[in-house]
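Next comes input.txt, with compact mmCIF, C-alpha atoms.
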# COMPACT_ATOMS: atom_id res chain seq x y z
CA MET A 1 0.00 0.00 0.00
CA SER A 2 1.50 3.33 -1.03
CA THR A 3 1.72 6.36 1.22
CA PRO A 4 -0.93 8.97 0.34
CA GLY A 5 0.46 11.65 -1.95
CA THR A 6 3.13 9.45 -3.50
CA HIS A 7 3.18 8.53 -7.14
CA THR A 8 5.64 7.35 -9.77
CA GLU A 9 6.12 9.39 -12.92
CA PRO A 10 5.99 7.65 -16.31
CA ILE A 11 9.46 8.97 -17.24
CA VAL A 12 12.14 6.30 -17.65
CA GLY A 13 15.83 7.23 -17.42
CA ARG A 14 18.64 5.15 -18.93
CA TYR A 15 22.28 5.46 -19.89
CA LEU A 16 23.26 5.19 -23.52
CA ASN A 17 26.88 4.26 -24.19
CA LEU A 18 28.11 5.40 -27.58
CA GLU A 19 30.98 7.04 -29.38
CA LEU A 20 30.68 10.78 -29.98
CA LEU A 21 33.30 13.01 -31.55
CA GLY A 22 35.76 10.10 -31.55
CA ARG A 23 35.47 9.36 -27.83
CA ALA A 24 33.45 7.01 -25.67
CA HIS A 25 30.52 8.69 -23.93
CA ARG A 26 27.90 7.70 -21.39
CA LEU A 27 24.80 9.73 -22.11
CA TYR A 28 21.83 10.04 -19.77
CA VAL A 29 18.49 9.85 -21.57
CA GLU A 30 14.96 10.22 -20.27
CA GLU A 31 11.92 9.23 -22.26
CA ALA A 32 8.19 8.76 -22.05
CA GLY A 33 5.37 8.02 -24.46
CA GLN A 34 4.82 6.35 -27.77
CA GLY A 35 4.52 7.49 -31.34
CA ILE A 36 6.38 10.16 -33.25
CA PRO A 37 9.89 10.55 -31.82
CA LEU A 38 10.33 14.02 -30.32
CA VAL A 39 13.91 14.77 -29.23
CA CYS A 40 14.21 17.70 -26.81
CA LEU A 41 17.40 19.73 -26.37
CA HIS A 42 18.09 21.67 -23.19
CA THR A 43 19.55 25.17 -22.85
CA ALA A 44 23.19 26.08 -22.22
CA GLY A 45 24.52 25.28 -18.77
CA ALA A 46 21.46 23.21 -17.82
CA ASP A 47 20.20 19.68 -18.44
CA ALA A 48 17.24 17.63 -19.62
CA ARG A 49 15.29 18.10 -16.38
CA GLN A 50 13.98 21.24 -18.04
CA TRP A 51 11.69 18.99 -20.08
CA ARG A 52 10.13 17.05 -17.23
CA HIS A 53 6.73 18.67 -17.54
CA LEU A 54 6.47 17.81 -21.23
CA LEU A 55 7.68 14.25 -20.53
CA ASN A 56 4.95 13.93 -17.93
CA ASP A 57 2.21 15.38 -20.11
CA ALA A 58 -0.12 12.54 -21.07
CA GLU A 59 -1.70 14.58 -23.85
CA VAL A 60 1.72 14.80 -25.48
CA THR A 61 3.01 11.31 -24.74
CA GLN A 62 -0.09 9.59 -26.14
CA HIS A 63 1.08 10.71 -29.57
CA PHE A 64 4.81 11.35 -29.15
CA ARG A 65 7.76 9.36 -27.86
CA VAL A 66 9.45 12.22 -26.03
CA LEU A 67 13.19 11.85 -25.46
CA ALA A 68 15.47 14.28 -23.64
CA PHE A 69 19.18 13.68 -23.10
CA ASP A 70 21.79 15.51 -21.11
CA LEU A 71 24.55 16.76 -23.38
CA PRO A 72 28.00 15.39 -22.52
CA TRP A 73 29.41 17.28 -19.50
CA HIS A 74 25.84 18.16 -18.41
CA GLY A 75 23.47 16.70 -15.84
CA LYS A 76 24.06 12.97 -15.44
CA SER A 77 26.02 12.59 -18.71
CA ASN A 78 29.66 12.27 -17.79
CA PRO A 79 32.38 14.21 -19.52
CA PRO A 80 34.66 11.91 -21.52
CA ASP A 81 37.71 10.33 -19.90
CA GLY A 82 40.50 12.87 -19.65
CA TRP A 83 38.08 15.76 -19.14
CA HIS A 84 40.23 17.21 -16.39
CA ASN A 85 42.98 18.04 -18.85
CA GLU A 86 40.89 20.22 -21.14
CA GLU A 87 38.55 23.20 -21.26
CA TYR A 88 35.02 22.32 -22.37
CA ARG A 89 33.81 24.02 -25.54
CA LEU A 90 30.71 23.21 -27.55
CA THR A 91 31.02 23.69 -31.31
CA THR A 92 28.49 23.78 -34.13
CA ALA A 93 29.96 20.69 -35.79
CA GLY A 94 30.22 18.75 -32.54
CA TYR A 95 26.70 19.61 -31.35
CA THR A 96 25.23 18.69 -34.74
CA GLU A 97 27.05 15.35 -34.73
CA ILE A 98 25.89 14.52 -31.20
CA ILE A 99 22.23 14.99 -32.16
CA ARG A 100 22.49 13.03 -35.40
CA ILE A 101 24.38 10.14 -33.81
CA PHE A 102 21.93 10.06 -30.90
CA CYS A 103 19.00 9.77 -33.31
CA ARG A 104 20.73 7.04 -35.33
CA ALA A 105 21.79 5.11 -32.22
CA LEU A 106 18.18 4.89 -31.07
CA GLU A 107 17.00 4.20 -34.66
CA LEU A 108 14.53 7.06 -34.50
CA ASP A 109 12.43 7.25 -37.66
CA LYS A 110 12.48 10.83 -38.90
CA PRO A 111 12.28 12.40 -35.46
CA VAL A 112 11.08 15.85 -34.57
CA VAL A 113 13.77 17.86 -32.79
CA MET A 114 12.81 20.68 -30.45
CA GLY A 115 15.59 22.72 -28.87
CA CYS A 116 15.67 25.76 -26.65
CA SER A 117 18.27 28.56 -26.72
CA ILE A 118 21.49 26.82 -27.83
CA GLY A 119 19.14 23.95 -28.70
CA GLY A 120 17.10 26.38 -30.78
CA ARG A 121 20.20 27.65 -32.56
CA ILE A 122 21.38 24.14 -33.43
CA VAL A 123 17.91 23.30 -34.72
CA LEU A 124 18.47 26.02 -37.32
CA ASN A 125 21.72 24.35 -38.30
CA LEU A 126 19.92 21.01 -38.62
CA ALA A 127 17.42 22.75 -40.90
CA ILE A 128 20.23 24.22 -42.99
CA LYS A 129 22.36 21.10 -43.34
CA HIS A 130 20.29 17.98 -42.58
CA ALA A 131 16.62 18.84 -43.06
CA ALA A 132 15.75 15.58 -44.84
CA GLU A 133 16.58 13.57 -41.71
CA PHE A 134 13.81 15.17 -39.67
CA ARG A 135 10.00 15.22 -39.70
CA ALA A 136 9.85 18.74 -38.31
CA LEU A 137 12.06 21.11 -36.34
CA ILE A 138 11.06 23.40 -33.50
CA GLY A 139 13.30 26.21 -32.26
CA LEU A 140 12.43 27.84 -28.94
CA GLU A 141 14.19 31.12 -28.23
CA ALA A 142 16.03 30.65 -31.52
CA ALA A 143 17.69 33.08 -33.90
CA ASP A 144 20.57 33.09 -36.35
CA PHE A 145 22.54 35.37 -34.00
CA GLN A 146 22.06 37.37 -30.83
CA SER A 147 23.95 40.32 -29.47
CA PRO A 148 25.93 39.50 -26.29
CA TRP A 149 24.45 41.09 -23.17
CA TYR A 150 27.21 40.23 -20.69
CA ASP A 151 30.84 39.15 -20.64
CA THR A 152 31.03 35.35 -20.37
CA SER A 153 34.38 35.54 -18.55
CA TRP A 154 32.38 36.22 -15.35
CA LEU A 155 30.83 32.77 -15.56
CA ASN A 156 33.92 30.82 -14.53
CA ARG A 157 36.35 32.50 -12.17
CA PRO A 158 37.91 31.37 -8.91
CA ASP A 159 36.70 34.51 -7.13
CA VAL A 160 33.04 34.44 -8.23
CA HIS A 161 30.74 31.52 -7.39
CA GLY A 162 29.87 30.03 -10.77
CA GLY A 163 26.60 28.45 -9.71
CA GLU A 164 25.31 31.67 -8.20
CA VAL A 165 26.41 34.04 -10.94
CA CYS A 166 25.11 31.79 -13.77
CA ALA A 167 21.72 31.44 -12.07
CA ALA A 168 21.55 35.11 -11.12
CA LEU A 169 22.28 36.20 -14.67
CA VAL A 170 19.62 34.00 -16.27
CA SER A 171 17.05 34.74 -13.55
CA GLY A 172 16.01 37.89 -15.38
CA LEU A 173 15.35 35.98 -18.58
CA MET A 174 12.12 34.57 -17.16
CA ALA A 175 8.76 36.30 -17.27
CA PRO A 176 7.55 37.91 -14.06
CA GLN A 177 4.24 36.08 -14.50
CA SER A 178 5.91 32.66 -14.31
CA PRO A 179 5.23 30.84 -11.03
CA GLU A 180 7.85 31.26 -8.33
CA VAL A 181 8.25 27.50 -7.86
CA THR A 182 9.04 26.72 -11.49
CA ARG A 183 11.23 29.81 -11.83
CA GLN A 184 13.31 28.70 -8.87
CA GLU A 185 13.51 25.12 -10.15
CA SER A 186 14.83 26.46 -13.46
CA LEU A 187 17.52 28.38 -11.58
CA TRP A 188 18.50 25.32 -9.55
CA HIS A 189 19.58 23.62 -12.79
CA TYR A 190 21.97 26.51 -13.45
CA MET A 191 23.33 26.38 -9.92
CA GLN A 192 24.23 22.71 -10.43
CA SER A 193 26.08 23.02 -13.71
CA GLY A 194 29.74 22.03 -13.70
CA PRO A 195 32.38 24.76 -13.56
CA GLY A 196 32.85 26.42 -16.94
CA ILE A 197 30.12 24.39 -18.68
CA PHE A 198 27.71 27.29 -19.25
CA LYS A 199 30.62 29.34 -20.55
CA GLY A 200 31.73 26.45 -22.80
CA ASP A 201 28.22 26.15 -24.27
CA LEU A 202 28.21 29.86 -24.97
CA TYR A 203 31.31 29.42 -27.12
CA PHE A 204 28.94 27.77 -29.58
CA TYR A 205 26.24 30.40 -29.01
CA ARG A 206 28.43 33.49 -29.18
CA VAL A 207 31.41 32.57 -31.34
CA ASP A 208 31.19 29.38 -33.37
CA GLY A 209 27.47 29.18 -34.11
CA ASP A 210 26.82 32.44 -35.93
CA LEU A 211 24.35 31.42 -38.64
CA ARG A 212 23.83 34.83 -40.20
CA GLY A 213 23.79 34.54 -43.95
CA GLN A 214 22.98 30.82 -43.84
CA VAL A 215 19.36 30.51 -42.70
CA GLY A 216 18.15 31.62 -46.12
CA ASP A 217 19.21 28.16 -47.34
CA ILE A 218 16.52 26.48 -45.22
CA ASP A 219 13.86 24.76 -47.32
CA THR A 220 10.74 24.29 -45.20
CA ARG A 221 9.20 22.12 -47.94
CA VAL A 222 11.78 19.48 -46.99
CA CYS A 223 11.24 19.92 -43.27
CA PRO A 224 8.72 22.26 -41.60
CA LEU A 225 10.24 24.74 -39.16
CA PHE A 226 8.49 26.34 -36.19
CA LEU A 227 10.06 29.12 -34.12
CA LEU A 228 8.57 30.29 -30.83
CA THR A 229 10.08 32.99 -28.60
CA GLY A 230 8.95 34.40 -25.25
CA GLU A 231 8.21 38.11 -25.07
CA TYR A 232 10.36 38.52 -21.92
CA ASP A 233 13.46 36.93 -23.48
CA PHE A 234 16.12 39.62 -23.85
CA SER A 235 18.86 37.11 -24.74
CA CYS A 236 17.10 35.89 -27.87
CA THR A 237 14.60 38.69 -28.31
CA PRO A 238 11.38 38.33 -30.29
CA GLN A 239 12.99 40.78 -32.73
CA ASP A 240 15.93 38.39 -33.18
CA THR A 241 13.57 35.54 -34.01
CA LEU A 242 11.38 37.66 -36.30
CA ARG A 243 14.47 38.89 -38.18
CA THR A 244 15.53 35.26 -38.63
CA VAL A 245 12.12 34.09 -39.83
CA GLU A 246 11.94 36.85 -42.43
CA GLN A 247 14.77 35.06 -44.21
CA ILE A 248 13.09 31.62 -44.21
CA PRO A 249 10.05 31.24 -46.50
CA GLY A 250 7.44 28.97 -44.97
CA ALA A 251 8.78 29.06 -41.40
CA GLU A 252 6.12 29.66 -38.76
CA VAL A 253 6.78 32.07 -35.92
CA THR A 254 5.02 32.76 -32.63
CA VAL A 255 5.85 35.32 -29.97
CA MET A 256 4.74 33.75 -26.70
CA GLU A 257 3.16 36.09 -24.16
CA GLN A 258 4.04 35.89 -20.46
CA LEU A 259 7.06 33.68 -21.16
CA GLY A 260 10.80 34.20 -21.25
CA HIS A 261 13.88 32.21 -22.23
CA PHE A 262 12.88 28.92 -20.54
CA PRO A 263 9.25 28.37 -21.58
CA MET A 264 9.09 24.61 -20.92
CA SER A 265 10.44 24.89 -17.39
CA GLU A 266 9.59 28.40 -16.16
CA ASN A 267 5.87 28.12 -16.87
CA PRO A 268 4.85 24.73 -18.30
CA GLU A 269 1.13 25.55 -18.29
CA GLN A 270 1.59 28.69 -20.35
CA PHE A 271 3.97 26.88 -22.70
CA ARG A 272 1.34 24.19 -23.39
CA ARG A 273 -0.92 26.83 -24.92
CA TYR A 274 1.68 27.52 -27.56
CA ILE A 275 3.34 24.16 -28.17
CA PHE A 276 0.16 22.06 -28.44
CA PRO A 277 -1.01 23.66 -31.71
CA VAL A 278 2.47 23.11 -33.15
CA LEU A 279 2.52 19.45 -32.11
CA GLU A 280 -0.97 19.03 -33.56
CA LYS A 281 0.21 20.38 -36.90
CA ILE A 282 3.18 18.02 -36.85
CA ARG A 283 0.92 15.05 -36.11
CA LYS A 284 -1.08 15.87 -39.22
CA LEU A 285 1.93 16.09 -41.51
CA PRO A 286 1.97 13.42 -44.20
CA ALA A 287 4.20 10.48 -43.22
CA GLY A 288 7.54 10.07 -44.99
CA MET B 1 10.18 64.38 -17.40
CA THR B 2 9.25 62.05 -14.53
CA ALA B 3 10.30 63.08 -11.02
CA PRO B 4 12.53 60.68 -9.05
CA ILE B 5 10.43 57.66 -8.10
CA LEU B 6 12.55 55.03 -6.33
CA PRO B 7 11.44 54.72 -2.66
CA LEU B 8 15.00 54.44 -1.41
CA ASP B 9 14.15 56.31 1.79
CA SER B 10 12.35 53.13 2.89
CA LEU B 11 14.96 50.65 1.58
CA LYS B 12 16.56 50.04 4.94
CA GLN B 13 13.20 49.07 6.47
CA ARG B 14 12.24 46.97 3.46
CA ALA B 15 15.53 45.07 3.48
CA ASP B 16 15.74 44.54 7.22
CA GLY B 17 15.26 40.87 8.08
CA ASP B 18 14.82 39.67 4.49
CA ALA B 19 15.90 36.04 4.35
CA LEU B 20 17.16 36.11 0.77
CA LEU B 21 19.31 39.19 1.34
CA ALA B 22 20.76 37.54 4.44
CA ARG B 23 21.50 34.37 2.47
CA PHE B 24 23.07 35.94 -0.59
CA GLY B 25 24.67 38.92 1.12
CA ARG B 26 27.07 37.01 3.34
CA ASP B 27 30.29 39.01 3.79
CA LEU B 28 29.16 41.75 1.40
CA ASN B 29 30.46 45.25 2.01
CA LEU B 30 29.27 47.65 -0.67
CA ALA B 31 28.90 51.36 -1.24
CA LEU B 32 26.27 51.56 -3.96
CA ILE B 33 25.14 54.69 -5.77
CA VAL B 34 21.68 54.50 -7.28
CA GLY B 35 20.83 57.18 -9.79
CA ASP B 36 17.15 58.02 -10.26
CA GLY B 37 17.18 60.63 -13.00
CA ASP B 38 19.22 63.54 -11.66
CA LEU B 39 18.97 62.34 -8.05
CA ASP B 40 21.72 60.13 -6.63
CA TRP B 41 21.37 58.01 -3.49
CA LEU B 42 24.19 56.33 -1.57
CA VAL B 43 23.31 52.91 -0.16
CA GLU B 44 25.86 51.54 2.31
CA ILE B 45 25.85 47.82 3.02
CA GLU B 46 27.97 46.16 5.70
CA ARG B 47 28.16 42.36 6.00
CA GLY B 48 25.03 42.11 3.88
CA VAL B 49 22.98 44.57 5.94
CA VAL B 50 21.77 47.93 4.62
CA VAL B 51 23.12 50.24 7.30
CA ARG B 52 22.67 53.70 5.76
CA VAL B 53 20.83 55.27 2.86
CA THR B 54 21.75 58.87 2.03
CA LYS B 55 19.75 61.04 -0.33
CA GLY B 56 21.66 63.29 -2.73
CA PRO B 57 23.00 65.66 -3.70
CA LEU B 58 26.13 63.77 -2.67
CA VAL B 59 29.50 65.51 -2.41
CA MET B 60 32.30 63.35 -3.85
CA PRO B 61 31.04 60.05 -2.42
CA GLN B 62 33.26 56.96 -2.35
CA SER B 63 31.46 54.09 -4.10
CA ASP B 64 32.07 50.57 -5.39
CA LEU B 65 29.19 50.39 -7.82
CA ARG B 66 26.95 52.86 -9.59
CA LEU B 67 23.61 52.02 -11.23
CA ARG B 68 21.82 54.92 -12.87
CA ALA B 69 18.69 55.12 -15.02
CA ALA B 70 16.08 57.67 -16.01
CA SER B 71 13.15 58.00 -13.64
CA GLU B 72 10.82 56.95 -16.47
CA THR B 73 12.74 53.67 -16.70
CA TRP B 74 12.59 53.07 -12.93
CA ALA B 75 8.86 53.81 -13.00
CA ARG B 76 8.31 50.92 -15.37
CA PHE B 77 10.71 48.69 -13.44
CA LEU B 78 8.61 49.28 -10.31
CA GLU B 79 5.33 48.17 -11.91
CA PRO B 80 3.92 45.03 -10.23
CA VAL B 81 4.25 43.25 -13.57
CA PRO B 82 6.93 45.19 -15.42
CA PRO B 83 6.81 45.14 -19.21
CA PRO B 84 9.45 43.21 -21.20
CA GLY B 85 12.78 45.00 -21.20
CA TYR B 86 12.08 46.74 -17.89
CA HIS B 87 11.64 43.66 -15.68
CA ASP B 88 15.30 43.04 -14.79
CA LEU B 89 18.48 45.10 -14.36
CA PHE B 90 20.21 43.22 -17.16
CA ALA B 91 17.17 43.51 -19.41
CA MET B 92 17.45 47.27 -18.89
CA ARG B 93 21.17 47.02 -19.64
CA ARG B 94 20.50 45.00 -22.79
CA TYR B 95 18.36 47.83 -24.11
CA ARG B 96 20.76 50.52 -22.82
CA ARG B 97 18.31 51.89 -20.30
CA ILE B 98 20.65 51.68 -17.32
CA GLN B 99 24.27 52.60 -16.72
CA ILE B 100 26.25 50.10 -14.67
CA GLU B 101 29.71 51.23 -13.61
CA GLY B 102 32.24 50.21 -11.01
CA ASP B 103 33.35 46.91 -9.50
CA ILE B 104 31.74 44.41 -11.87
CA ARG B 105 33.46 41.53 -10.07
CA LEU B 106 31.67 42.48 -6.88
CA MET B 107 28.39 42.87 -8.73
CA SER B 108 28.80 39.45 -10.38
CA ALA B 109 29.63 37.76 -7.09
CA TYR B 110 26.58 39.30 -5.39
CA LEU B 111 24.20 39.53 -8.31
CA PHE B 112 21.35 37.70 -6.56
CA TYR B 113 21.65 40.14 -3.65
CA ILE B 114 21.69 43.21 -5.86
CA LYS B 115 18.73 42.05 -7.93
CA ARG B 116 16.81 41.25 -4.77
CA LEU B 117 17.61 44.66 -3.28
CA PHE B 118 16.14 46.44 -6.29
CA ALA B 119 13.14 44.12 -6.46
CA MET B 120 12.35 45.10 -2.86
CA LEU B 121 11.63 48.63 -4.05
CA ARG B 122 8.48 47.43 -5.83
CA PRO B 123 5.15 48.23 -4.14
CA GLY B 124 4.29 45.70 -1.48
CA GLU B 125 7.78 44.18 -1.38
CA GLY B 126 9.33 44.13 2.07
CA GLN B 127 6.56 46.26 3.56
CA ALA B 128 4.57 45.14 6.58

Whole structure, structure tokens version:
Amino acid sequence: MSTPGTHTEPIVGRYLNLELLGRAHRLYVEEAGQGIPLVCLHTAGADARQWRHLLNDAEVTQHFRVLAFDLPWHGKSNPPDGWHNEEYRLTTAGYTEIIRIFCRALELDKPVVMGCSIGGRIVLNLAIKHAAEFRALIGLEAADFQSPWYDTSWLNRPDVHGGEVCAALVSGLMAPQSPEVTRQESLWHYMQSGPGIFKGDLYFYRVDGDLRGQVGDIDTRVCPLFLLTGEYDFSCTPQDTLRTVEQIPGAEVTVMEQLGHFPMSENPEQFRRYIFPVLEKIRKLPAG
Amino acid sequence: MTAPILPLDSLKQRADGDALLARFGRDLNLALIVGDGDLDWLVEIERGVVVRVTKGPLVMPQSDLRLRAASETWARFLEPVPPPGYHDLFAMRRYRRIQIEGDIRLMSAYLFYIKRLFAMLRPGEGQA
């Protein structure tokens, strides 16, 4: 007999051992549901816990097999052996390869990929370079480029607590209407990130992953593209996303009210209002 | 032009006993100038506690950090639900609505504290 108030979530977590970027990796993956594979990519300096509300949403998982993995060096995915001798840096080529190999390793049939922030940026690169491999692509808080709004050198210094400064910086990226509990949970992820990991992710975001001049190559007839950005996001502003979409015929864009840079974790209920219509459209896409 | 609007004269009372300021302000000593339009205030913090708030005009004050914005900007920041771009100090910085000068290392190390301090100026925050 269970204690009142206890319950088990339908999410299952497992470790996937595979080779990425020429090195052995142990990747932590959570999944729930059945149907169209939907791979979810977390933001910089965080992990796949951001997606727990979507993974627990029965209205989503009755139609979608939702998968969310922690990038190497993040969450419960270990860094590769020898990590202590190097500085972590995410690159466009490396991030793209990780996603494609992950999808192939699990034999996902034309998955949908939905990414937020750095995940949203890399979704644009998937649309540019590998659109035929995917059923649809969803970029949250995504743009071809964003202007820096702080110096990333403050994120990893011996004399400033990395967990506190990373969380304090991103705290303002959430909408004031988002519930206190889910805002604070979103910040907890940032407080737990390894030293220098947020900064290393932002190497991709700020330096290596500038997609200006390339998004015009996206053909949404090959793979539909949906971009959704929160009105309170001043890292990837709605203007950044709208400027990007103007270059991509056929891409659909939504500015989400009362949401910021972490829609799926800062206010899951509000996010449902925007993501459900997108998922419904994807469900109705012709197969193949 | 909007008159100065930040209720800094009540900051000491608002901040007194706040659990988050106590948690994030450990060992913080800070002389902070807050500019509200043409009016400067000096906020002195010792070991995380707001000990003195002095209304300008200030004569050659020593300070570690200076945050200055137009009173119109602060007015929107103070709204119970501030509009996008006015809801956070760095959002204001992103859109060049606030000047932040001084010891950025200190500000980075105590960013939660500083954000909390400003949030306490909103109506209803920290008031009995």

Of A:Arg206, A:Gln177, A:Arg243, A:Pro195, the one nearest to chain B when counting only C-alpha atoms is A:Gln177

Within 10 Å of chain A, which residues of chain B show up when using all atoms listed in the file, listed as a PyMOL selection string?
-> chain B and resi 24+80-95+104-115

All residues 10 Å or closer to Tyr203 in chain A, only C-alpha atoms, same chain fewer than 6 positions away omitted, as a ChimeraX atom specification | /A:88-92,152,197,209

Do you know which residues are at most 9 Å from range 43-50 of chain B counting only C-alpha atoms, after dropping those on the same chain fewer than 3 positions away, and could you put them as a PyMOL selection string?
-> chain B and resi 8+11-13+15-17+21-34+53-55+63+113

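Across the model, the gap from CA of Ser193 in chain A to CA of Val112 in chain A is 26.7 Å.
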
State, in Å with one decimal place, the distance from CA of Gly119 in chain A to CA of Gln62 in chain A.
->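 Those two atoms sit 24.1 Å apart.
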
Please work out which residues fall within 9 Å of (28.8, 55.2, -7.8), coordinates as given in the file, with only C-alpha atoms counting, and return them as a VMD selection string.
-> chain B and resid 31 to 35 40 42 61 to 68 100 to 102

Between CA of Gly115 in chain A and CA of Ser186 in chain A lies a distance of 15.9 Å

Within 8 Å of range 65-69 of chain A using all atoms listed in the file, minus same-chain residues under 2 positions, as a PyMOL selection string | chain A and resi 27-42+47-48+51+54-55+61+63+71

Can you pull out every residue within 10 Å of range 80-83 of chain A, counting all atoms listed in the file, but drop anything in the same chain fewer than 5 positions away, and send it as a list of chain:residue names?
-> A:Glu19, A:Leu20, A:Arg23, A:Ala24, A:His25, A:Arg26, A:Pro72, A:Trp73, A:Tyr88

Residue with the minimum atom-to-atom distance to Glu125 in chain B, picked from B:Asp38, B:Pro7, B:Thr2, B:Ala75 with all atoms listed in the file counted, is B:Pro7
